[in-house]
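Please read the structure below before turning to the comments.
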Amino acid sequence: MEELKAKGINPGLAVVIVGDDPASRVYVNNKKKACEYCGILSEEYALPGETTEAELLALVEELNTKETIHGILVQLPLPKHINEETIINAIRPEKDVDAFHPTNVGKIMIGNFDFLPCTPAGVMELLDEANIDLCGKHCVVIGRSNIVGKPQAMLLLHKNATVTICHSKTKNLKEVARTADILVVAVGRAKMVDEEYIKDGAVVIDVGMDRDENGKLCGDVDFDSACKKASYITPVPGGVGPMTIATLMKNAVTAAIRQSEK
Ligand code: NAP
């Protein structure tokens, strides 16, 4: 960061939150803390839940042209009266540090990307750090959301894995999951995946951020049960979550460098 600052590059991230969803508030606070830690300027725009789509679009437009801001993050979900797609599409692709804009999604598909989507990229980094070779391995991704499941599958494919994507209509889910060398779970259902979904020695990545029956943070995987089968497993909290934030920081710095080159 010091090197960048010496060159006059001061990465700036705008974090926009609409309404008072407690989970979103925690995520936004964590992102702000990470910015402070890394020396990235962060500006928070906390808007009331009644904010109209037009008002939010006007803010995005202002941030699109603000020179000190290189990355724009609009915390999802947005209140129901605001169309998320409209807002995402309004963010300039070069400031889209979440990589949700169709331009960036398309680039991920092709494999020639500027930004990687934060959560799937964090998962790839974890696999890489653990020296898990993906080439020719069977990866099963449970979940097909635009922000986790689909881009995750694509990134695994780019690493030459053979990828199966499962969802709520998948038949024989446990059997399919049990064929995975690497199982990535992003369903949003507390502790749904237990040892019955896991092949002996499989790698299990738990993307979920849920609450258990006591309101305690947990993942989509029943950790204690899954541990009986998995060779590697990520905990919740302390697994994929921090990697998501680390990728966001990386994307903010990349955005600032790219914009300084123009
Ligand atoms: P989402 O948009 O709700 O998507 C969930 C996916 O899981 C959907 O594709 C759904 O299938 C599938 N699904 C739901 N129930 C299922 C079942 N019983 N069997 C098989 N598939 C099922 O959720 P998301 O945004 O991808 O998030 C998933 C989880 O990851 C959540 O817990 C979220 O909080 C967490 N998350 C964590 C991070 C992080 O930084 N760690 C970041 C983002 C999300 P259909 O498509 O058929 O409905």
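Each chain in the structure tokens gets a letter, A, B and so on, in the order shown; residues start at 1 in every chain, and ligands are counted from 1 in the order they appear.
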Q: Could you give me the residues within 6 Å of ligand 1, counting only C-alpha atoms and all ligand atoms, as a list of chain:residue names?
A: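 The distance check yields A:Thr119, A:Ile142, A:Gly143, A:Arg144, A:Ser145, A:Ile147, A:Val148, A:Gly149, A:His167, A:Ser168, A:Lys169, A:Ala186, A:Val187, A:Gly188, A:Val207, A:Gly208, A:Met209, A:Asp210, A:Val240, A:Gly241, A:Thr244.
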For the residues selected in the previous step, produce a file with N, CA, C and O atoms as an mmCIF file, in the first residue's frame.
data_model
loop_
_atom_site.group_PDB
_atom_site.id
_atom_site.type_symbol
_atom_site.label_atom_id
_atom_site.label_comp_id
_atom_site.auth_asym_id
_atom_site.auth_seq_id
_atom_site.Cartn_x
_atom_site.Cartn_y
_atom_site.Cartn_z
ATOM 1 N N THR A 119 -16.582 -13.985 -3.090
ATOM 2 C CA THR A 119 -16.681 -15.252 -2.350
ATOM 3 C C THR A 119 -16.070 -16.421 -3.143
ATOM 4 O O THR A 119 -15.212 -17.139 -2.617
ATOM 5 N N ILE A 142 -23.046 -27.110 -4.587
ATOM 6 C CA ILE A 142 -24.483 -27.115 -4.263
ATOM 7 C C ILE A 142 -24.903 -25.664 -4.094
ATOM 8 O O ILE A 142 -24.428 -24.966 -3.196
ATOM 9 N N GLY A 143 -25.797 -25.210 -4.984
ATOM 10 C CA GLY A 143 -26.213 -23.794 -5.031
ATOM 11 C C GLY A 143 -25.873 -23.219 -6.385
ATOM 12 O O GLY A 143 -24.794 -23.509 -6.926
ATOM 13 N N ARG A 144 -26.793 -22.453 -6.959
ATOM 14 C CA ARG A 144 -26.566 -21.886 -8.303
ATOM 15 C C ARG A 144 -26.885 -20.398 -8.345
ATOM 16 O O ARG A 144 -27.404 -19.884 -9.340
ATOM 17 N N SER A 145 -26.616 -19.700 -7.231
ATOM 18 C CA SER A 145 -26.902 -18.259 -7.237
ATOM 19 C C SER A 145 -25.901 -17.548 -8.135
ATOM 20 O O SER A 145 -24.813 -18.071 -8.418
ATOM 21 N N ILE A 147 -24.291 -14.952 -7.338
ATOM 22 C CA ILE A 147 -23.139 -14.390 -6.623
ATOM 23 C C ILE A 147 -22.186 -15.457 -6.067
ATOM 24 O O ILE A 147 -21.038 -15.165 -5.817
ATOM 25 N N VAL A 148 -22.674 -16.675 -5.903
ATOM 26 C CA VAL A 148 -21.780 -17.721 -5.387
ATOM 27 C C VAL A 148 -21.725 -18.940 -6.330
ATOM 28 O O VAL A 148 -20.713 -19.183 -6.982
ATOM 29 N N GLY A 149 -22.806 -19.706 -6.391
ATOM 30 C CA GLY A 149 -22.768 -21.005 -7.058
ATOM 31 C C GLY A 149 -22.283 -20.959 -8.505
ATOM 32 O O GLY A 149 -21.340 -21.689 -8.874
ATOM 33 N N HIS A 167 -28.847 -27.954 -7.221
ATOM 34 C CA HIS A 167 -29.769 -26.914 -6.733
ATOM 35 C C HIS A 167 -30.969 -27.586 -6.101
ATOM 36 O O HIS A 167 -30.980 -28.820 -5.924
ATOM 37 N N SER A 168 -32.008 -26.791 -5.820
ATOM 38 C CA SER A 168 -33.123 -27.344 -5.040
ATOM 39 C C SER A 168 -33.928 -28.394 -5.812
ATOM 40 O O SER A 168 -34.684 -29.148 -5.214
ATOM 41 N N LYS A 169 -33.765 -28.442 -7.143
ATOM 42 C CA LYS A 169 -34.522 -29.431 -7.935
ATOM 43 C C LYS A 169 -33.669 -30.654 -8.274
ATOM 44 O O LYS A 169 -34.126 -31.552 -8.967
ATOM 45 N N ALA A 186 -23.209 -23.951 -0.911
ATOM 46 C CA ALA A 186 -23.711 -22.562 -0.800
ATOM 47 C C ALA A 186 -25.221 -22.596 -0.978
ATOM 48 O O ALA A 186 -25.755 -22.202 -2.012
ATOM 49 N N VAL A 187 -25.917 -23.097 0.044
ATOM 50 C CA VAL A 187 -27.374 -23.243 -0.055
ATOM 51 C C VAL A 187 -28.148 -22.299 0.861
ATOM 52 O O VAL A 187 -29.323 -22.041 0.646
ATOM 53 N N GLY A 188 -27.492 -21.814 1.916
ATOM 54 C CA GLY A 188 -28.201 -20.940 2.849
ATOM 55 C C GLY A 188 -29.158 -21.704 3.762
ATOM 56 O O GLY A 188 -30.201 -21.171 4.145
ATOM 57 N N VAL A 207 -19.663 -22.424 2.361
ATOM 58 C CA VAL A 207 -19.827 -20.991 2.084
ATOM 59 C C VAL A 207 -20.921 -20.384 2.977
ATOM 60 O O VAL A 207 -20.960 -19.185 3.204
ATOM 61 N N GLY A 208 -21.771 -21.223 3.512
ATOM 62 C CA GLY A 208 -22.959 -20.750 4.236
ATOM 63 C C GLY A 208 -22.661 -19.828 5.401
ATOM 64 O O GLY A 208 -21.620 -19.933 6.059
ATOM 65 N N MET A 209 -23.567 -18.913 5.635
ATOM 66 C CA MET A 209 -23.522 -18.041 6.823
ATOM 67 C C MET A 209 -24.936 -18.030 7.350
ATOM 68 O O MET A 209 -25.775 -17.252 6.866
ATOM 69 N N ASP A 210 -25.208 -18.896 8.274
ATOM 70 C CA ASP A 210 -26.580 -19.075 8.756
ATOM 71 C C ASP A 210 -26.604 -18.923 10.279
ATOM 72 O O ASP A 210 -25.566 -18.739 10.914
ATOM 73 N N VAL A 240 -14.554 -19.237 4.831
ATOM 74 C CA VAL A 240 -14.735 -18.501 3.569
ATOM 75 C C VAL A 240 -15.004 -17.002 3.810
ATOM 76 O O VAL A 240 -14.572 -16.154 3.027
ATOM 77 N N GLY A 241 -15.696 -16.684 4.892
ATOM 78 C CA GLY A 241 -16.076 -15.274 5.154
ATOM 79 C C GLY A 241 -14.902 -14.302 5.084
ATOM 80 O O GLY A 241 -14.935 -13.343 4.303
ATOM 81 N N THR A 244 -13.599 -13.771 1.611
ATOM 82 C CA THR A 244 -14.448 -12.907 0.784
ATOM 83 C C THR A 244 -14.013 -11.449 0.958
ATOM 84 O O THR A 244 -13.867 -10.698 -0.012
#
Q | Polymer residues at most 10 Å from A:Leu63, only C-alpha atoms, same-chain spacing of 5 or more positions, as a list in words | A | Leu13, Ala14, Leu57, Ala58, Thr68, Ile69, His70, Gly71, Ile72, Ile91, Arg92 and Lys95 of chain A
Q | Test item, strand (DSSP E or B) assignment across stretch 36-233 of chain A, answer as a ChimeraX atom specification | A | /A:41-47,71-74,138-142,162-166,182-185,193,203-206,210-211,217-218,221,232-233
(Q) Can you pull out the residues contacting stretch 245-258 of chain A? Cut-off 6 Å, using only C-alpha atoms, and skip same-chain residues under 2 positions away; I want them as number ranges by chain. (A) A: 11, 70-71, 97, 118, 242-243, 260-261
Could the residues in this selection be saved with C-alpha atoms as an mmCIF file, in the first residue's frame?
data_model
loop_
_atom_site.group_PDB
_atom_site.id
_atom_site.type_symbol
_atom_site.label_atom_id
_atom_site.label_comp_id
_atom_site.auth_asym_id
_atom_site.auth_seq_id
_atom_site.Cartn_x
_atom_site.Cartn_y
_atom_site.Cartn_z
ATOM 1 C CA PRO A 11 -7.653 3.295 -3.262
ATOM 2 C CA HIS A 70 -12.456 3.486 -7.255
ATOM 3 C CA GLY A 71 -14.804 0.765 -6.061
ATOM 4 C CA VAL A 97 -15.553 -4.563 -7.123
ATOM 5 C CA CYS A 118 -15.314 -12.061 -3.902
ATOM 6 C CA PRO A 242 -12.704 -13.609 5.817
ATOM 7 C CA MET A 243 -11.494 -14.716 2.362
ATOM 8 C CA SER A 260 -4.834 5.402 -12.388
ATOM 9 C CA GLU A 261 -3.515 3.947 -15.653
#
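Atom to atom, atom CA of A:Ala226 and atom CA of A:Ile132 stand 18.4 Å apart.
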Q) Looking at A:Ala90, A:Glu44, A:Glu85, A:Ala153, which one is nearest to A:Val123, with distances taken over only C-alpha atoms? A)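 Of A:Ala90, A:Glu44, A:Glu85, A:Ala153, the one nearest A:Val123 is A:Ala153, counting only C-alpha atoms.
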Q. With only C-alpha atoms as the atoms that count, which of A:Lys191, A:Leu56, A:Ser225, A:Ser231 lies nearest to A:Val203?
A.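 So, comparing all the options, the nearest one is A:Ser231.
Using only C-alpha atoms, the residues found no farther than 12 Å from A:Glu3, other than those of its own chain fewer than 3 positions away, are Ala6, Lys7, Gly8, Ile9, Asn10, Gly39, Val253 and Ile257 of chain A.
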Can those selected residues be exported to a file as a compact mmCIF listing (two decimals), in the first residue's frame so that it contains N, CA and C atoms?
# COMPACT_ATOMS: atom_id res chain seq x y z
N ALA A 6 2.86 6.13 -2.59
CA ALA A 6 3.99 6.93 -3.06
C ALA A 6 3.80 7.32 -4.53
N LYS A 7 3.06 6.49 -5.26
CA LYS A 7 2.78 6.79 -6.68
C LYS A 7 1.53 7.65 -6.82
N GLY A 8 0.96 8.04 -5.70
CA GLY A 8 -0.24 8.89 -5.75
C GLY A 8 -1.53 8.10 -5.92
N ILE A 9 -1.45 6.78 -5.69
CA ILE A 9 -2.67 5.96 -5.83
C ILE A 9 -3.21 5.67 -4.43
N ASN A 10 -4.39 6.21 -4.14
CA ASN A 10 -5.03 6.02 -2.83
C ASN A 10 -6.37 5.33 -3.03
N GLY A 39 -5.49 0.19 4.86
CA GLY A 39 -5.17 1.56 4.43
C GLY A 39 -5.97 1.99 3.21
N VAL A 253 -8.06 -2.45 -4.63
CA VAL A 253 -6.72 -2.00 -5.01
C VAL A 253 -6.54 -2.14 -6.53
N ILE A 257 -5.63 0.86 -9.21
CA ILE A 257 -4.47 0.81 -10.11
C ILE A 257 -4.93 0.98 -11.56
Q: Between A:Asp206, A:Lys216, A:Ala99, A:Phe115, single out the one closest to A:Ile233, counting only C-alpha atoms.
A: A:Asp206
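Taking only C-alpha atoms, the non-local environment of A:Tyr45 within 7 Å (same-chain residues fewer than 2 positions away omitted) comprises A:Val15, A:Val16, A:Ile17, A:Glu43, A:Leu47.
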